[in-house]
4 protein chains.
Amino acid sequence: MKSFASDNYSGIHPEIFDAIQNANYQHEISYCDDTFTSETNQIFEKIFGKLVVLYAFNGTGANVICLKCCTLPFQAVICSDMAHILIDECGAPTQSIGCTLLPIATPNGKITPELIAPLLKGVGNVHHIQPKVISISQSTEMGTVYSLQELKNLCQFAHSNGLYVHLDGARISNAVASLGVSIKVATVDCGIDIMSFGGTKNGLMMGEAVLIFNDKLNENAHYYQKQSAQLFSKNRFIAAQFSALLSNDLWYRMASHSNRMAKFLENQIKELPGVKITQSVDANALFVIIPNHVIPPLRSKYTFYEWDSETHEQRWMCSFDTTEEDVFGFVKTLKELL
Amino acid sequence: MKSFASDNYSGIHPEIFDAIQNANYQHEISYCDDTFTSETNQIFEKIFGKLVVLYAFNGTGANVICLKCCTLPFQAVICSDMAHILIDECGAPTQSIGCTLLPIATPNGKITPELIAPLLKGVGNVHHIQPKVISISQSTEMGTVYSLQELKNLCQFAHSNGLYVHLDGARISNAVASLGVSIKVATVDCGIDIMSFGGTKNGLMMGEAVLIFNDKLNENAHYYQKQSAQLFSKNRFIAAQFSALLSNDLWYRMASHSNRMAKFLENQIKELPGVKITQSVDANALFVIIPNHVIPPLRSKYTFYEWDSETHEQRWMCSFDTTEEDVFGFVKTLKELL
Amino acid sequence: MKSFASDNYSGIHPEIFDAIQNANYQHEISYCDDTFTSETNQIFEKIFGKLVVLYAFNGTGANVICLKCCTLPFQAVICSDMAHILIDECGAPTQSIGCTLLPIATPNGKITPELIAPLLKGVGNVHHIQPKVISISQSTEMGTVYSLQELKNLCQFAHSNGLYVHLDGARISNAVASLGVSIKVATVDCGIDIMSFGGTKNGLMMGEAVLIFNDKLNENAHYYQKQSAQLFSKNRFIAAQFSALLSNDLWYRMASHSNRMAKFLENQIKELPGVKITQSVDANALFVIIPNHVIPPLRSKYTFYEWDSETHEQRWMCSFDTTEEDVFGFVKTLKELL
Amino acid sequence: MKSFASDNYSGIHPEIFDAIQNANYQHEISYCDDTFTSETNQIFEKIFGKLVVLYAFNGTGANVICLKCCTLPFQAVICSDMAHILIDECGAPTQSIGCTLLPIATPNGKITPELIAPLLKGVGNVHHIQPKVISISQSTEMGTVYSLQELKNLCQFAHSNGLYVHLDGARISNAVASLGVSIKVATVDCGIDIMSFGGTKNGLMMGEAVLIFNDKLNENAHYYQKQSAQLFSKNRFIAAQFSALLSNDLWYRMASHSNRMAKFLENQIKELPGVKITQSVDANALFVIIPNHVIPPLRSKYTFYEWDSETHEQRWMCSFDTTEEDVFGFVKTLKELL
């Protein structure tokens with residue numbers, strides 16, 4: 001089966017698989033005190049500068065750790081009303097940290113200082129909910145990418161209002177590849193305080209890294225990781241994957257490839273009658289509306305998800321292993337059905 | 001000092017005070033096993049039919065009990081984006097129940113099936129947040145009142161989608177007095193599953209009652225009350241107040257009076273140049289925009305709160321002890337300043 | 001009915017009732033910004049020195065605020081295995097703060113550095129539960145009282161291990177009256193960081209005060225109070241009661257009286273055949289074992305609770321309004337039954 | 001490095017590794033809807049009979065899911081005072097479920113109906129903490145194993161008191177291999193309601209299975225898994241490992257081998273002067289006290305953990321890849337040092 005359903009339908013990239021295999025010898029100290037973990041931490045430090053790195057099994061786990069690090073249970077988190085932490089994690093962040101999420105309606109998944117400002121009226125007033133973090137997804141759930149200037153504006157606004165900025169980076173590689181700058185420039189240099197660096201959706205078997213840039217957020221991070229069931233006894237097997245991901249630009253090669261496939265798909269279909277592309281194709285996802293009668297037969301050959309059951313907007317996602325042939329075949333089928 | 005700041009600025013109504021005094025003799029069994037509590041429970045049952053009654057110290061406590069009774073920690077609560085449970089309780093509901101609140105933007109504090117429907121798309125899908133309760137305030141935080149038909153529509157919509165309806169009744173007396181029907185017709189007969197019946201804002205020293213009409217929600221209610229720090233050892237002193245409140249229509253006399261004072265105030269000022277009333281005056285609150293230069297001198301004589309720091313919308317609230325003289329004096333001052 | 005069941009079976013002391021009555025005039029600013037609250041805060045400051053005072057509706061509420069102030073959700077609280085916070089609050093502290101309670105078995109309700117030390121082995125080790133607070137009850141649930149030296153030793157031990165000391169003072173007045181020193185000497189001077197000062201069990205209608213001596217614990221205290229549903233809109237009615245309680249030594253008069261009644265009862269029965277007093281009568285409670293056949297007829301005249309359903313140990317509690325006649329009557333009945 | 005520190009120091013068994021490799025082809029539906037997961041579920045069903053299977057990343061995650069399935073936030077969990085859920089998970093269960101843990105002191109990690117009974121006195125009393133689950137570890141944290149009769153007694157006692165039994169099976173394979181019966185006979189047939197089936201400590205890269213036998217506990221299990229950050233997008237990679245583990249008796253071969261190595265080690269040292277074995281060697285762990293001066297030089301060659309910093313009791317753990325040569329070398333070094 002080949003699909004355009006999600007970048008987590010794909011398997012493990014061969015270079016990542018080799019890294020797992022190489023890590024599988026004899027005994028290693030458990031719970032992140034192994035040599036793989038400390039070497040991978042150093043690679044992260046080389047890329048980002050001074051930081052604290054923690055590892056997590058999945059994106060929800062990483063988001064929970066990040067939000068625990070920057071909130072107390074009476075505080076609130078501002079996010080888009082499409083945010084993964086709000087909609088797609090079965091309430092994990094709220095239940096785990098006790099914090100209220102304050103969603104902001106936005107057509108393209110991106111939030112702005114102007115949209116956030118009205119939520120800050122009650123800060124310091126004990127009767128009000130107390131926002132403490134702005135959480136953004138980069139790339140967003142709608143496949144859009146914040147520009148560097150948008151990131152800087154958000155971070156500056158946040159910091160001048162006493163808030164932290166959390167970046168849900170499940171697809172940060174796609175976003176950075178799209179922006180065409182270094183990862184550092186696109187994150188910590190913009191003012192991001194804490195982020196997850198996604199692996200699972202970019203060729204890893206599994207694994208996310210939590211990167212803490214603001215050292216005010218370090219103090220209890222390791223306890224929060226443990227308590228969130230994210231401290232892996234055999235962490236060498238996650239660390240080794242990240243080591244491979246960060247070496248030889250593998251993260252970039254995979255992400256820019258899946259982005260390119262999405263753009264390639266966009267170009268093949270954007271002029272087709274009855275096809276409407278609803279979001280800017282900034283990374284590896286397309287959001288499209290196509291005639292209703294076309295959807296079932298197309299889906300019977302290629303899996304993909306319906307994003308909106310009212311408008312029948314569909315989401316098509318490209319992956320590190322999506323090939324030009326996959327796109328050609330998909331487009332050919334679509335054209336025949338139209 | 002007399003003020004239009006809040007109905008919780010007022011003291012204890014004399015009939016309520018007498019009830020406290022009468023309850024203050026010798027020893028009584030503690031923790032709701034006293035005769036006052038069981039008698040008051042019976043009064044509630046006479047009014048509403050079969051139900052379970054619990055008592056709480058304040059509105060936040062009552063809301064927390066209600067929401068605990070109808071949710072599990074992976075579920076979500078749908079409410080207005082002005083809901084007291086979202087904005088004004090410092091995150092108590094979220095932190096206490098672990099549930100996500102899903103706010104709906106609404107100009108007048110009222111939510112509708114049409115506004116709620118889009119939030120129900122993911123019900124039964126493990127990746128999605130799972131709404132289980134619709135929470136409404138009656139009267140709303142904007143001083144508006146749901147009509148009986150609006151309540152029935154909401155409840156029918158909720159139940160046909162497997163949701164419960166919670167009514168935050170901090171000012172239910174004002175709403176019922178406004179609707180001009182019996183309390184039963186305005187609540188359980190519309191399909192409300194669980195509600196708080198406010199006392200503190202209608203002449204009590206303190207106290208709210210949690211009324212559980214849907215017996216699916218009873219099972220663990222007493223544990224949730226205790227765990228929420230709302231089980232009062234000397235509950236005779238809350239029960240006795242409610243007994244007085246429910247006797248001789250005291251609740252109605254007080255609520256209809258404060259509603260009348262609000263209407264009276266509205267009538268005195270609605271034609272004044274530069275005065276804009278922004279919400280329908282259905283209960284005991286007015287929301288108004290007046291010229292900025294008038295606000296400080298007016299406030300120096302009569303306390304009231306600014307509702308919106310951007311539009312400078314002000315809230316003027318009438319209480320059971322607001323008099324016509326108070327209104328006259330207030331209007332006179334306003335007119336002089338204008 | 002007169003009983004030896006609990007000090008919360010009693011009503012409101014007349015001087016306290018008068019204070020409520022005096023506070024019941026016209027309008028006052030809500031939520032602790034009233035004149036009664038600020039005056040009462042000053043009385044507390046006169047007694048204890050610099051501190052932060054918060055008010056709560058009941059003991060569970062006060063304990064929850066205290067523990068929220070001194071823990072983060074990955075930490076743990078050390079307490080006696082009879083502690084009210086562990087046994088008698090339906091899990092409120094654990095559920096509210098997310099912290100594990102680590103109970104210590106103790107025959108008389110008192111814990112010691114020696115008993116605590118083994119629980120501190122894992123401090124700083126991310127795999128271990130992290131104790132951060134020692135919570136004691138004074139007087140204890142067994143009617144015993146920590147000596148000043150015991151308190152000092154505990155606090156010194158706690159502080160040298162990076163822990164805070166929380167004192168559950170639901171019956172602190174009885175303990176202080178028993179120790180025969182000033183309240184300040186018995187609490188903050190021993191090193192207590194945060195405590196509740198109980199009112200409900202010593203003649204108030206209701207109300208507890210949270211006293212924060214360690215200013216590291218202040219920062220978010222007001223948010224925790226609000227979120228715990230303990231911020232009272234008409235707080236003048238709690239503050240006025242505390243003002244009366246702290247004036248003219250009323251707290252001391254009531255507590256020393258109930259202590260004296262307990263001692264008086266002890267003296268009347270300690271030599272009786274078949275009567276075994278199981279705990280030191282330091283405050284206002286007696287724990288006794290009497291012949292089984294005596295219990296039902298005695299209870300039919302005077303309510304009291306069975307403490308231990310296996311040993312049939314009974315608890316007899318004296319209150320501010322227990323009279324010598326009550327004790328005589330009780331002892332007479334007991335003697336006749338024996 | 002070869003060590004006796006923990007069974008999670010070891011890597012991936014070759015047959016498990018092959019299973020991962022075989023699962024790594026092209027696209028698969030994510031989040032447990034893949035063919036690997038459904039096949040592995042069927043293998044579990046063949047072994048245990050009708051059940052619900054969920055997968056988790058690690059033991060803490062699995063325990064949290066299990067406890068969420070059988071508790072509401074006002075209830076409590078009874079466990080040994082050495083239980084992993086109490087001591088070793090940084091408070092994850094308490095913080096995640098809101099429940100109080102009620103620990104029982106026990107010399108060998110095993111709890112009994114007699115020890116549990118006193119904790120059940122307050123069941124149904126709203127003032128009391130409400131036990132709902134007995135949680136045991138099999139094999140225990142002390143390397144001991146409950147007999148079938150002990151398990152049956154515990155389950156019968158629990159069920160007749162309205163409690164569930166949770167089995168933390170991080171090392172269930174070692175326990176079952178020790179008991180010499182089928183897994184089914186040692187778990188569901190004894191009355192266990194819900195359990196984790198450990199993989200990580202028995203040769204897997206990572207992964208635990210949650211097995212729900214009591215269908216009252218199924219209803220919301222998938223939501224709890226998702227919310228606990230344990231739903232793996234690429235779950236084929238955990239399922240495939242379990243498929244291999246359950247095939248050709250691999251789980252048994254590994255577990256009985258590590259048990260045998262522990263017994264072998266015991267036999268080599270039990271007669272040595274100065275060596276005291278403190279626990280029955282039922283599974284793959286030894287607890288020993290050896291002369292203090294021997295510990296540092298022994299540890300410099302072979303890693304292992306100190307269990308008790310006061311008594312200097314050491315824990316030596318054997319793994320699936322511990323060899324007779326490893327044991328010989330370790331014993332030889334020990335003998336030389338003695």
# chains A, B, ... in the order shown; residues from 1 in each chain; ligands from 1
call {"tool": "residues_around", "arguments": {"residues": "range 227-231 of chain B", "least_positions_apart": "2", "cutoff": "10 Å", "atoms": "only C-alpha atoms", "output": "ChimeraX atom specification"}}
result
/B:30-32,54-58,60-62,64-65,68,96,207,221-225,233-235 /C:56-64,88-96,228-230 /D:73-74,126-129
call {"tool": "select_by_dssp", "arguments": {"residues": "range 93-174 of chain C", "states": "helix (DSSP H, G or I)", "output": "PyMOL selection string"}}
result
chain C and resi 93-97+113-120+148-160+172-174
call {"tool": "write_last_selection", "arguments": {"atoms": "N, CA, C and O atoms", "output": "short mmCIF file (atom, residue, chain, number, x, y, z; two decimals), in the first residue's frame"}}
result
data_model
loop_
_atom_site.label_atom_id
_atom_site.label_comp_id
_atom_site.auth_asym_id
_atom_site.auth_seq_id
_atom_site.Cartn_x
_atom_site.Cartn_y
_atom_site.Cartn_z
N PRO C 93 -6.53 16.21 48.71
CA PRO C 93 -5.17 16.73 48.47
C PRO C 93 -4.49 16.07 47.28
O PRO C 93 -3.96 16.74 46.40
N THR C 94 -4.53 14.75 47.23
CA THR C 94 -3.89 14.06 46.12
C THR C 94 -4.48 14.49 44.79
O THR C 94 -3.76 14.83 43.85
N GLN C 95 -5.79 14.48 44.71
CA GLN C 95 -6.42 14.80 43.43
C GLN C 95 -6.18 16.27 43.05
O GLN C 95 -6.01 16.60 41.89
N SER C 96 -6.16 17.14 44.04
CA SER C 96 -6.02 18.56 43.76
C SER C 96 -4.60 18.97 43.40
O SER C 96 -4.40 19.86 42.59
N ILE C 97 -3.61 18.33 44.02
CA ILE C 97 -2.24 18.77 43.76
C ILE C 97 -1.47 17.78 42.91
O ILE C 97 -0.42 18.10 42.40
N PRO C 113 11.69 12.78 62.96
CA PRO C 113 12.77 12.70 61.97
C PRO C 113 13.25 11.26 61.72
O PRO C 113 13.53 10.90 60.58
N GLU C 114 13.27 10.48 62.75
CA GLU C 114 13.75 9.10 62.58
C GLU C 114 12.84 8.31 61.66
O GLU C 114 13.27 7.48 60.86
N LEU C 115 11.53 8.53 61.81
CA LEU C 115 10.58 7.81 60.97
C LEU C 115 10.58 8.34 59.54
O LEU C 115 10.28 7.62 58.58
N ILE C 116 10.91 9.60 59.38
CA ILE C 116 10.87 10.23 58.06
C ILE C 116 12.10 9.91 57.23
O ILE C 116 12.02 9.71 56.01
N ALA C 117 13.25 9.83 57.90
CA ALA C 117 14.53 9.72 57.19
C ALA C 117 14.55 8.67 56.08
O ALA C 117 15.00 8.95 54.96
N PRO C 118 14.03 7.46 56.32
CA PRO C 118 14.12 6.44 55.25
C PRO C 118 13.39 6.82 53.97
O PRO C 118 13.69 6.29 52.91
N LEU C 119 12.43 7.74 54.06
CA LEU C 119 11.68 8.13 52.86
C LEU C 119 12.43 9.13 51.99
O LEU C 119 11.98 9.47 50.90
N LEU C 120 13.55 9.63 52.48
CA LEU C 120 14.26 10.68 51.76
C LEU C 120 15.39 10.16 50.89
O LEU C 120 16.11 10.93 50.26
N LEU C 148 7.02 21.60 71.96
CA LEU C 148 7.80 22.60 71.23
C LEU C 148 9.10 22.00 70.70
O LEU C 148 9.52 22.27 69.57
N GLN C 149 9.70 21.18 71.52
CA GLN C 149 10.97 20.58 71.10
C GLN C 149 10.77 19.64 69.92
O GLN C 149 11.57 19.62 68.98
N GLU C 150 9.71 18.88 69.98
CA GLU C 150 9.40 17.98 68.85
C GLU C 150 9.17 18.78 67.57
O GLU C 150 9.62 18.40 66.48
N LEU C 151 8.44 19.89 67.69
CA LEU C 151 8.20 20.73 66.51
C LEU C 151 9.51 21.29 65.96
O LEU C 151 9.75 21.27 64.74
N LYS C 152 10.34 21.79 66.86
CA LYS C 152 11.61 22.37 66.41
C LYS C 152 12.49 21.33 65.74
O LYS C 152 13.11 21.60 64.71
N ASN C 153 12.53 20.16 66.33
CA ASN C 153 13.35 19.10 65.73
C ASN C 153 12.85 18.75 64.32
O ASN C 153 13.63 18.59 63.39
N LEU C 154 11.54 18.64 64.20
CA LEU C 154 10.96 18.31 62.90
C LEU C 154 11.28 19.38 61.86
O LEU C 154 11.68 19.07 60.73
N CYS C 155 11.11 20.64 62.26
CA CYS C 155 11.34 21.74 61.31
C CYS C 155 12.80 21.83 60.92
O CYS C 155 13.14 22.04 59.75
N GLN C 156 13.66 21.65 61.91
CA GLN C 156 15.09 21.72 61.61
C GLN C 156 15.49 20.59 60.66
O GLN C 156 16.22 20.79 59.68
N PHE C 157 14.98 19.40 60.96
CA PHE C 157 15.25 18.25 60.10
C PHE C 157 14.72 18.51 58.69
O PHE C 157 15.41 18.25 57.69
N ALA C 158 13.50 19.02 58.62
CA ALA C 158 12.89 19.29 57.31
C ALA C 158 13.74 20.29 56.51
O ALA C 158 14.13 20.02 55.36
N HIS C 159 14.05 21.40 57.14
CA HIS C 159 14.75 22.46 56.41
C HIS C 159 16.15 22.02 55.99
O HIS C 159 16.62 22.37 54.91
N SER C 160 16.80 21.24 56.84
CA SER C 160 18.15 20.81 56.46
C SER C 160 18.09 19.77 55.34
O SER C 160 19.11 19.45 54.74
N ILE C 172 -5.47 23.81 66.16
CA ILE C 172 -4.24 24.43 66.68
C ILE C 172 -4.51 25.17 67.99
O ILE C 172 -3.65 25.20 68.89
N SER C 173 -5.71 25.74 68.15
CA SER C 173 -6.00 26.45 69.40
C SER C 173 -5.94 25.51 70.58
O SER C 173 -5.40 25.84 71.64
N ASN C 174 -6.48 24.31 70.43
CA ASN C 174 -6.41 23.34 71.51
C ASN C 174 -4.97 22.96 71.82
O ASN C 174 -4.60 22.81 72.98
#
